[in-house]
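Next comes target-v6.csv, with CSV, C-alpha atoms.
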```
chain,number,residue,atom,x,y,z
A,137,MET,CA,-31.1,33.1,-21.5
A,138,MET,CA,-30.8,30.0,-19.3
A,139,LYS,CA,-28.3,28.4,-21.6
A,140,ARG,CA,-26.2,31.6,-21.8
A,141,GLY,CA,-26.2,31.7,-18.0
A,142,PHE,CA,-25.0,28.1,-17.7
A,143,VAL,CA,-22.2,28.7,-20.1
A,144,PHE,CA,-21.1,31.7,-18.1
A,145,VAL,CA,-21.0,29.7,-14.8
A,146,LEU,CA,-19.1,26.9,-16.5
A,147,ALA,CA,-16.5,29.3,-17.9
A,148,PHE,CA,-16.2,31.0,-14.5
A,149,CYS,CA,-15.6,27.7,-12.7
A,150,LEU,CA,-13.0,26.5,-15.2
A,151,ALA,CA,-11.2,29.8,-14.9
A,152,LEU,CA,-10.7,29.6,-11.2
A,153,PRO,CA,-8.3,26.8,-10.0
A,154,GLY,CA,-10.0,26.6,-6.6
A,155,ILE,CA,-13.4,25.8,-8.0
A,156,SER,CA,-14.3,22.6,-9.9
A,157,LEU,CA,-17.4,20.9,-11.1
A,158,ALA,CA,-18.2,17.4,-9.8
A,159,ALA,CA,-17.0,14.6,-12.0
A,160,ASN,CA,-18.1,11.0,-11.9
A,161,VAL,CA,-15.6,8.3,-12.8
A,162,LYS,CA,-15.8,4.5,-12.6
A,163,ILE,CA,-12.7,2.7,-11.3
A,164,GLY,CA,-12.1,-1.0,-10.6
A,165,PHE,CA,-10.2,-2.2,-7.5
A,166,ILE,CA,-8.9,-5.8,-7.3
A,167,ASN,CA,-7.5,-6.8,-3.9
A,168,SER,CA,-7.0,-9.7,-1.5
A,169,ILE,CA,-9.9,-8.9,0.7
A,170,THR,CA,-10.2,-12.5,2.1
A,171,GLY,CA,-7.8,-15.3,2.1
A,172,PRO,CA,-4.2,-15.6,3.5
A,173,GLU,CA,-3.1,-12.1,2.4
A,174,ALA,CA,-6.2,-10.4,3.8
A,175,PRO,CA,-4.3,-8.7,6.7
A,176,ILE,CA,-2.2,-6.8,4.1
A,177,GLY,CA,-5.1,-6.5,1.7
A,178,GLU,CA,-7.0,-4.6,4.5
A,179,ASN,CA,-4.3,-1.9,4.4
A,180,LEU,CA,-4.8,-1.5,0.6
A,181,THR,CA,-8.6,-1.2,1.1
A,182,ASN,CA,-8.2,1.4,3.8
A,183,GLY,CA,-5.8,3.4,1.8
A,184,VAL,CA,-8.2,3.4,-1.1
A,185,THR,CA,-11.0,4.5,1.3
A,186,LEU,CA,-9.0,7.6,2.3
A,187,ALA,CA,-8.2,8.3,-1.4
A,188,ILE,CA,-11.9,8.3,-2.3
A,189,GLU,CA,-12.6,10.8,0.5
A,190,ASP,CA,-9.9,13.1,-0.8
A,191,LEU,CA,-11.0,12.8,-4.4
A,192,LYS,CA,-14.6,13.8,-3.3
A,193,LYS,CA,-13.1,16.9,-1.8
A,194,LYS,CA,-11.6,17.7,-5.2
A,195,GLY,CA,-15.0,17.3,-6.9
A,196,ILE,CA,-14.3,13.8,-8.2
A,197,ASP,CA,-17.0,11.2,-7.3
A,198,VAL,CA,-15.6,7.7,-7.8
A,199,GLN,CA,-17.9,4.8,-8.4
A,200,LEU,CA,-15.6,2.1,-7.0
A,201,LEU,CA,-16.1,-1.4,-8.2
A,202,LYS,CA,-14.4,-3.8,-5.7
A,203,GLU,CA,-13.4,-7.3,-6.5
A,204,ASP,CA,-11.9,-9.9,-4.1
A,205,ASP,CA,-9.3,-12.2,-5.7
A,206,THR,CA,-8.6,-14.0,-2.4
A,207,GLY,CA,-4.9,-13.9,-3.5
A,208,LYS,CA,-5.5,-16.4,-6.4
A,209,PRO,CA,-4.4,-15.5,-9.9
A,210,GLN,CA,-7.3,-17.3,-11.6
A,211,ILE,CA,-9.9,-15.4,-9.6
A,212,SER,CA,-8.0,-12.2,-10.2
A,213,MET,CA,-8.2,-12.8,-13.9
A,214,SER,CA,-11.9,-13.4,-13.7
A,215,ALA,CA,-12.3,-10.1,-11.8
A,216,MET,CA,-10.4,-8.2,-14.5
A,217,GLU,CA,-12.6,-9.6,-17.2
A,218,LYS,CA,-15.7,-8.7,-15.2
A,219,LEU,CA,-14.5,-5.1,-14.6
A,220,ALA,CA,-13.5,-4.6,-18.3
A,221,GLY,CA,-17.0,-5.6,-19.2
A,222,GLN,CA,-18.5,-3.1,-16.7
A,223,GLY,CA,-16.9,-0.1,-18.4
A,224,VAL,CA,-14.4,1.0,-15.8
A,225,SER,CA,-12.0,3.7,-16.9
A,226,GLY,CA,-9.1,2.0,-15.1
A,227,VAL,CA,-8.2,-0.6,-12.5
A,228,VAL,CA,-6.0,-0.3,-9.4
A,229,GLY,CA,-4.5,-3.6,-8.1
A,230,PRO,CA,-4.1,-6.5,-7.6
A,231,TYR,CA,-1.9,-6.9,-4.4
A,232,THR,CA,0.1,-10.0,-4.9
A,233,SER,CA,2.8,-10.5,-7.6
A,234,ALA,CA,1.2,-13.7,-8.9
A,235,CYS,CA,-2.2,-12.0,-9.3
A,236,ALA,CA,-0.8,-8.7,-10.8
A,237,ASN,CA,1.3,-10.6,-13.3
A,238,ALA,CA,-1.7,-12.8,-14.3
A,239,VAL,CA,-3.9,-9.7,-14.8
A,240,ALA,CA,-1.4,-7.6,-16.7
A,241,LYS,CA,-1.9,-9.3,-20.1
A,242,LEU,CA,-5.7,-9.1,-19.7
A,243,ALA,CA,-5.4,-5.3,-19.1
A,244,GLU,CA,-3.5,-5.2,-22.4
A,245,LYS,CA,-6.1,-7.4,-24.2
A,246,TYR,CA,-9.1,-5.3,-23.1
A,247,LYS,CA,-7.2,-2.0,-23.3
A,248,VAL,CA,-8.0,-1.1,-19.7
A,249,PRO,CA,-5.3,1.0,-17.9
A,250,LEU,CA,-4.0,-1.0,-14.9
A,251,LEU,CA,-2.1,0.7,-12.1
A,252,VAL,CA,-0.3,-1.8,-9.8
A,253,PRO,CA,0.2,-0.3,-6.3
A,254,ALA,CA,2.4,-2.8,-4.5
A,255,ALA,CA,3.3,-6.0,-6.3
A,256,ALA,CA,7.0,-6.5,-6.7
A,257,LYS,CA,7.7,-9.1,-9.4
A,258,GLU,CA,9.9,-7.5,-12.0
A,259,GLU,CA,8.2,-9.2,-15.0
A,260,ILE,CA,5.0,-7.2,-14.4
A,261,THR,CA,6.4,-4.1,-16.0
A,262,ARG,CA,9.0,-5.9,-18.2
A,263,GLN,CA,6.6,-7.2,-20.8
A,264,HIS,CA,6.4,-4.0,-22.9
A,265,LEU,CA,2.7,-3.6,-22.1
A,266,LYS,CA,1.2,-0.2,-22.9
A,267,TYR,CA,-1.7,-0.4,-20.5
A,268,VAL,CA,0.2,-1.6,-17.4
A,269,TYR,CA,1.8,0.9,-14.9
A,270,ARG,CA,3.4,0.3,-11.5
A,271,LEU,CA,3.8,2.8,-8.7
A,272,ASN,CA,6.0,0.8,-6.3
A,273,ALA,CA,9.6,-0.1,-6.8
A,274,PRO,CA,10.1,-3.7,-8.2
A,275,ALA,CA,11.8,-6.6,-6.6
A,276,ASP,CA,15.4,-5.7,-7.7
A,277,GLN,CA,15.2,-2.6,-5.5
A,278,TYR,CA,14.2,-4.6,-2.4
A,279,ALA,CA,17.3,-6.7,-2.7
A,280,SER,CA,19.9,-4.1,-3.7
A,281,SER,CA,18.7,-1.6,-1.0
A,282,LEU,CA,19.0,-4.2,1.8
A,283,ILE,CA,22.4,-5.5,0.7
A,284,ASP,CA,23.7,-1.9,0.3
A,285,ALA,CA,22.6,-1.2,3.8
A,286,ALA,CA,24.3,-4.3,5.2
A,287,LEU,CA,27.5,-3.4,3.4
A,288,ALA,CA,27.4,0.1,4.8
A,289,MET,CA,27.1,-1.3,8.4
A,290,GLY,CA,29.7,-4.1,8.2
A,291,LYS,CA,31.7,-6.4,5.9
A,292,PRO,CA,29.5,-9.5,5.3
A,293,LYS,CA,31.1,-12.1,3.2
A,294,THR,CA,28.4,-14.8,3.1
A,295,VAL,CA,24.6,-14.9,2.8
A,296,ALA,CA,21.8,-17.5,3.1
A,297,PHE,CA,18.5,-17.2,1.3
A,298,ILE,CA,15.2,-18.7,2.5
A,299,TYR,CA,12.1,-17.7,0.6
A,300,GLU,CA,8.6,-18.9,-0.4
A,301,ASN,CA,8.4,-20.5,-3.8
A,302,THR,CA,5.9,-17.9,-5.2
A,303,ASP,CA,6.4,-15.3,-7.8
A,304,PHE,CA,7.2,-12.7,-5.1
A,305,GLY,CA,9.7,-15.0,-3.3
A,306,THR,CA,11.5,-16.3,-6.3
A,307,SER,CA,11.7,-13.1,-8.2
A,308,THR,CA,13.0,-11.1,-5.2
A,309,THR,CA,15.6,-13.8,-4.4
A,310,LYS,CA,16.7,-14.1,-8.0
A,311,THR,CA,17.6,-10.4,-8.2
A,312,ALA,CA,19.2,-10.6,-4.7
A,313,LYS,CA,21.5,-13.4,-5.8
A,314,GLU,CA,22.5,-11.5,-8.9
A,315,TYR,CA,23.2,-8.4,-6.8
A,316,VAL,CA,25.3,-10.2,-4.1
A,317,ALA,CA,27.4,-11.8,-6.8
A,318,LYS,CA,28.3,-8.3,-8.1
A,319,LYS,CA,29.2,-7.3,-4.5
A,320,GLY,CA,31.4,-10.3,-3.9
A,321,ILE,CA,29.2,-11.9,-1.3
A,322,LYS,CA,29.1,-15.7,-1.4
A,323,VAL,CA,25.7,-17.6,-1.3
A,324,VAL,CA,26.1,-20.4,1.2
A,325,ALA,CA,22.4,-21.5,1.3
A,326,ASP,CA,19.6,-21.2,-1.2
A,327,GLU,CA,16.4,-22.7,0.3
A,328,SER,CA,12.9,-22.3,-1.0
A,329,TYR,CA,9.8,-23.5,0.8
A,330,SER,CA,6.1,-24.0,0.2
A,331,LYS,CA,4.1,-21.1,1.6
A,332,GLY,CA,2.3,-21.8,4.8
A,333,SER,CA,4.5,-24.8,5.9
A,334,PRO,CA,4.1,-25.7,9.6
A,335,ASP,CA,7.7,-26.2,10.4
A,336,TYR,CA,11.0,-24.7,9.0
A,337,ARG,CA,13.4,-25.9,11.7
A,338,SER,CA,15.2,-28.5,9.6
A,339,THR,CA,15.8,-25.9,6.8
A,340,LEU,CA,16.9,-23.3,9.3
A,341,THR,CA,19.3,-25.8,11.0
A,342,LYS,CA,20.9,-26.5,7.6
A,343,ILE,CA,21.4,-22.7,7.2
A,344,LYS,CA,22.8,-22.4,10.7
A,345,ALA,CA,25.5,-25.0,9.9
A,346,GLN,CA,26.8,-22.7,7.1
A,347,LYS,CA,27.3,-19.8,9.6
A,348,PRO,CA,26.1,-17.1,7.2
A,349,ASP,CA,26.8,-13.4,7.9
A,350,LEU,CA,23.4,-12.5,6.5
A,351,VAL,CA,20.1,-14.3,6.4
A,352,PHE,CA,17.8,-13.0,3.7
A,353,MET,CA,14.1,-14.0,4.0
A,354,VAL,CA,11.3,-13.4,1.6
A,355,SER,CA,7.8,-14.2,3.1
A,356,TYR,CA,4.4,-12.9,3.8
A,357,VAL,CA,3.4,-12.2,7.4
A,358,ALA,CA,2.5,-15.7,8.9
A,359,ASP,CA,5.6,-17.3,7.5
A,360,ALA,CA,7.8,-14.3,8.5
A,361,ILE,CA,6.7,-14.7,12.2
A,362,LEU,CA,7.2,-18.5,12.2
A,363,LEU,CA,10.6,-18.3,10.5
A,364,MET,CA,11.9,-15.8,13.0
A,365,ARG,CA,10.4,-17.7,16.0
A,366,GLN,CA,12.1,-20.9,14.9
A,367,SER,CA,15.4,-19.1,14.1
A,368,ARG,CA,15.4,-18.1,17.7
A,369,GLU,CA,14.6,-21.7,18.8
A,370,ILE,CA,17.6,-23.2,17.0
A,371,GLY,CA,19.9,-20.3,17.8
A,372,LEU,CA,20.5,-19.0,14.2
A,373,GLN,CA,22.8,-16.0,14.8
A,374,PRO,CA,23.9,-14.0,11.7
A,375,GLN,CA,25.2,-10.5,11.7
A,376,ALA,CA,21.8,-9.4,10.3
A,377,PHE,CA,18.4,-10.8,9.4
A,378,LEU,CA,17.1,-9.1,6.2
A,379,GLY,CA,13.4,-9.3,5.5
A,380,GLY,CA,12.5,-8.6,1.8
A,381,GLY,CA,9.5,-6.4,2.5
A,382,ALA,CA,5.9,-7.9,2.6
A,383,GLY,CA,5.3,-9.7,5.9
A,384,PHE,CA,8.4,-8.2,7.6
A,385,THR,CA,6.9,-4.7,7.2
A,386,THR,CA,3.6,-5.3,9.0
A,387,VAL,CA,2.5,-4.2,12.4
A,388,GLN,CA,1.5,-7.8,13.1
A,389,PHE,CA,5.1,-8.8,12.7
A,390,ALA,CA,6.5,-5.9,14.7
A,391,LYS,CA,4.3,-6.7,17.6
A,392,GLU,CA,6.1,-10.1,18.0
A,393,LYS,CA,8.9,-8.2,19.9
A,394,GLU,CA,10.7,-11.3,21.1
A,395,ILE,CA,11.5,-12.4,17.6
A,396,SER,CA,11.1,-9.3,15.4
A,397,ASN,CA,13.3,-6.7,17.2
A,398,ASN,CA,16.4,-5.7,15.3
A,399,VAL,CA,15.2,-7.3,12.0
A,400,PHE,CA,15.9,-5.2,8.9
A,401,SER,CA,13.4,-4.8,6.2
A,402,THR,CA,12.8,-2.7,3.1
A,403,THR,CA,9.8,-0.6,2.5
A,404,GLN,CA,8.2,1.7,0.0
A,405,TRP,CA,7.0,4.3,2.5
A,406,THR,CA,7.2,5.5,6.1
A,407,ASP,CA,5.4,8.2,8.0
A,408,ASP,CA,8.6,10.1,8.9
A,409,VAL,CA,9.8,10.5,5.4
A,410,ASN,CA,9.7,14.1,4.1
A,411,TRP,CA,7.3,13.4,1.2
A,412,PRO,CA,4.3,15.8,1.0
A,413,GLY,CA,1.4,14.7,3.3
A,414,ALA,CA,3.1,11.5,4.6
A,415,LYS,CA,2.7,12.3,8.3
A,416,ASP,CA,-0.9,13.6,7.8
A,417,PHE,CA,-1.8,10.4,6.0
A,418,PHE,CA,-0.4,8.4,8.9
A,419,ASN,CA,-2.4,10.4,11.5
A,420,ARG,CA,-5.6,10.2,9.5
A,421,TYR,CA,-5.3,6.5,8.9
A,422,LYS,CA,-4.6,5.8,12.6
A,423,SER,CA,-7.5,8.0,13.7
A,424,LYS,CA,-9.9,6.4,11.3
A,425,PHE,CA,-8.9,2.8,11.5
A,426,GLY,CA,-7.4,2.5,14.9
A,427,LYS,CA,-4.1,1.1,13.7
A,428,GLU,CA,-0.9,2.2,11.9
A,429,PRO,CA,-0.7,2.0,8.1
A,430,THR,CA,1.9,-0.1,6.3
A,431,TYR,CA,3.4,1.0,3.0
A,432,HIS,CA,0.7,-1.0,1.2
A,433,ALA,CA,-1.9,1.5,2.4
A,434,ALA,CA,0.2,4.5,1.2
A,435,CYS,CA,0.8,2.8,-2.2
A,436,ALA,CA,-2.9,2.1,-2.7
A,437,TYR,CA,-3.9,5.6,-1.6
A,438,GLN,CA,-1.5,7.3,-4.1
A,439,ALA,CA,-2.4,4.8,-6.9
A,440,MET,CA,-6.1,5.5,-6.5
A,441,LEU,CA,-5.6,9.2,-6.5
A,442,ILE,CA,-3.5,9.1,-9.7
A,443,MET,CA,-5.8,6.7,-11.5
A,444,ALA,CA,-9.1,8.5,-10.6
A,445,GLU,CA,-7.7,12.0,-11.2
A,446,THR,CA,-6.3,11.0,-14.6
A,447,ALA,CA,-9.5,9.2,-15.6
A,448,SER,CA,-11.6,12.2,-14.5
A,449,LYS,CA,-9.4,14.7,-16.4
A,450,ASN,CA,-9.9,12.6,-19.5
A,451,GLY,CA,-13.6,12.1,-19.3
A,452,GLY,CA,-13.3,8.4,-18.4
A,453,ASP,CA,-11.9,7.6,-21.8
A,454,ARG,CA,-9.6,4.6,-21.4
A,455,GLU,CA,-7.1,5.5,-24.2
A,456,LYS,CA,-6.8,9.1,-23.0
A,457,THR,CA,-6.4,7.9,-19.4
A,458,ARG,CA,-3.6,5.5,-20.5
A,459,ALA,CA,-1.9,8.4,-22.4
A,460,GLY,CA,-2.4,10.7,-19.3
A,461,LEU,CA,-0.7,8.2,-17.0
A,462,LYS,CA,2.2,7.9,-19.5
A,463,SER,CA,2.7,11.7,-19.8
A,464,GLY,CA,1.9,12.8,-16.3
A,465,SER,CA,3.9,13.4,-13.1
A,466,TRP,CA,2.7,13.7,-9.5
A,467,LYS,CA,4.0,14.7,-6.1
A,468,GLY,CA,2.4,13.2,-3.0
A,469,ILE,CA,2.8,10.9,0.0
A,470,MET,CA,4.9,8.5,-2.1
A,471,GLY,CA,7.3,11.3,-3.2
A,472,ASP,CA,7.7,12.1,-6.9
A,473,THR,CA,5.9,9.8,-9.3
A,474,LYS,CA,6.5,9.4,-13.0
A,475,PHE,CA,6.0,6.3,-15.1
A,476,GLU,CA,9.1,5.8,-17.2
A,477,ASP,CA,10.8,3.3,-19.6
A,478,TYR,CA,14.3,2.2,-18.5
A,479,ASP,CA,16.5,-0.9,-18.0
A,480,GLY,CA,13.9,-3.1,-19.7
A,481,PHE,CA,11.0,-1.7,-17.7
A,482,THR,CA,7.9,-0.1,-19.2
A,483,ASN,CA,5.7,2.4,-17.4
A,484,GLN,CA,7.7,1.9,-14.1
A,485,ASN,CA,7.9,4.5,-11.4
A,486,LYS,CA,11.5,5.0,-10.2
A,487,HIS,CA,10.7,4.9,-6.5
A,488,GLN,CA,13.1,5.5,-3.6
A,489,MET,CA,13.2,2.5,-1.2
A,490,LEU,CA,13.7,2.9,2.5
A,491,ILE,CA,15.4,0.6,5.0
A,492,LEU,CA,13.6,-0.1,8.3
A,493,GLN,CA,14.7,-1.8,11.5
A,494,ILE,CA,12.3,-2.8,14.3
A,495,GLN,CA,13.6,-1.3,17.5
A,496,ASN,CA,11.6,-1.8,20.7
A,497,GLY,CA,8.6,-3.0,18.7
A,498,GLN,CA,8.6,0.1,16.4
A,499,PHE,CA,9.6,0.5,12.8
A,500,GLU,CA,12.5,3.0,12.5
A,501,THR,CA,13.9,4.3,9.3
A,502,VAL,CA,17.7,3.7,9.3
A,503,PHE,CA,18.7,4.2,5.7
A,504,PRO,CA,19.2,6.2,3.5
A,505,ILE,CA,20.9,8.5,6.1
A,506,LYS,CA,19.0,11.6,4.9
A,507,PHE,CA,15.7,9.9,5.8
A,508,ALA,CA,16.9,8.1,9.0
A,509,SER,CA,15.1,8.6,12.3
A,510,LYS,CA,17.4,6.3,14.3
A,511,LYS,CA,20.8,4.7,14.0
A,512,PRO,CA,20.8,1.0,13.1
A,513,VAL,CA,21.6,-1.8,15.7
A,514,PHE,CA,24.3,-3.9,14.2
A,515,PRO,CA,25.3,-6.7,14.5
A,516,PHE,CA,22.2,-8.6,15.5
A,517,PRO,CA,22.3,-9.1,19.3
A,518,LYS,CA,22.5,-12.5,20.9
A,519,TRP,CA,19.1,-14.2,21.4
A,520,LYS,CA,17.8,-14.0,24.9
```
Is it possible to express this structure as structure tokens?
Amino acid sequence: MMKRGFVFVLAFCLALPGISLAANVKIGFINSITGPEAPIGENLTNGVTLAIEDLKKKGIDVQLLKEDDTGKPQISMSAMEKLAGQGVSGVVGPYTSACANAVAKLAEKYKVPLLVPAAAKEEITRQHLKYVYRLNAPADQYASSLIDAALAMGKPKTVAFIYENTDFGTSTTKTAKEYVAKKGIKVVADESYSKGSPDYRSTLTKIKAQKPDLVFMVSYVADAILLMRQSREIGLQPQAFLGGGAGFTTVQFAKEKEISNNVFSTTQWTDDVNWPGAKDFFNRYKSKFGKEPTYHAACAYQAMLIMAETASKNGGDREKTRAGLKSGSWKGIMGDTKFEDYDGFTNQNKHQMLILQIQNGQFETVFPIKFASKKPVFPFPKWK
């Protein structure tokens, strides 16, 4: 009798979409919790925290296994091996391109579904790996979106590149150089630098001498601030400063109003875009953590929702979870998500990039026009 009653309750719950039975699922999370990328890593951690709360409301209890890679690929690889041995159904992360690229082959080796939330290096999803998925748009979209915006505002003929010599910096710049060549824009400077250098003035002075119409920078937050501060010091005055995501999209950078105002950057997400739940996520995040989220938080939130829901639906089975990621589609704060194979990419989400400009210390969406909250300021005003 007891058994028959339980079967009836189970059937009843499954028949009603509003009622679900609690499901337990074990998910790994690799992130830069400490180290130089910790300020951005904090956004990912906070986004995941909100996702875990929402999953619990849906009846999915996530056992989250966190690993700190400190932004170093070797540590990230060790974390992946550890998580694979702990029986996780899938892994979300890591943050940096170098770490995500290093971990990707291990995900394939151990047959653990990996969902990369925010790393941009194109190669990550261009290795024909069955178990590796990416939510965010890759590096080629950072470059093309910014250049297209610049061309829509004016008629730039020359561009100077300055970028960190990491996976993120070199891959983003490589695609940017290929794209400007197609658009007939001449590269007049191509300068890489070692991340965390104390002084960029000599390099910036070389760039100034070329009088570029556009200055395209690819940096994490500390270098982004120093590059712009020293650009002001030497009087570098292009038509536009273009920041290739990462450090240029952080609240920390925007707060440096004297040097960050009117800088353009590209982002995966803003709170004013009309994707389901975007504004609510912004408000919840700000209320809970006392600060505004960057796109990294939104990417991590959506990635964790997708991974945990898919794993739960498939009983935690890794192979079924991988297949579920491949065949599924989702709508949420990152817009429509579907992992596709195209243009040499495998399991890559075709994500719409947005162009931001910092105006009066605030990020404003200025392109595409249908998402714009403000008109762009162009050309870049003379330094005060």
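Of note, atom CA of Glu455 of chain A and atom CA of Lys247 of chain A are spaced 7.6 Å apart.
Excluding Lys393 of chain A and any residue on its chain fewer than 5 positions from it, the residues at most 10 Å away by only C-alpha atoms are Asn398, Ile494, Gln495, Asn496, Gly497 and Gln498 of chain A.
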If we count all atoms listed in the file, what is near Gly320 of chain A at a cut-off of 10 Å, once residues fewer than 6 positions away on the same chain are taken out, given as a compact mmCIF listing (two decimals) with C-alpha atoms, in the coordinates of the input?
```txt
# COMPACT_ATOMS: atom_id res chain seq x y z
CA PRO A 292 29.50 -9.50 5.30
CA LYS A 293 31.10 -12.10 3.20
CA THR A 294 28.40 -14.80 3.10
```
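Near Lys511 of chain A, within a cut-off of 9 Å and counting all atoms listed in the file, sit the residues Glu500, Thr501, Val502, Phe503, Ile505, Ala508, Ser509 and Val513 of chain A, with same-chain residues fewer than 2 positions away left out.
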Task: Shell around Glu173 of chain A at 10 Å using only C-alpha atoms, local window under 2 positions removed, as a VMD selection string - done: chain A and resid 167 to 171 175 to 178 206 to 207 231 to 232 356 to 358 382 to 383
Task: Best match for closeness to Ala439 of chain A among A:Ile188, A:Ala234, A:Ala296, A:Ile260, counting only C-alpha atoms - done: A:Ile188
Open item on the list: Using only C-alpha atoms, can you tell me which of A:Asp276, A:Glu244, A:Glu476, A:Asp190 comes closest to Glu259 of chain A?
Closed with: A:Asp276
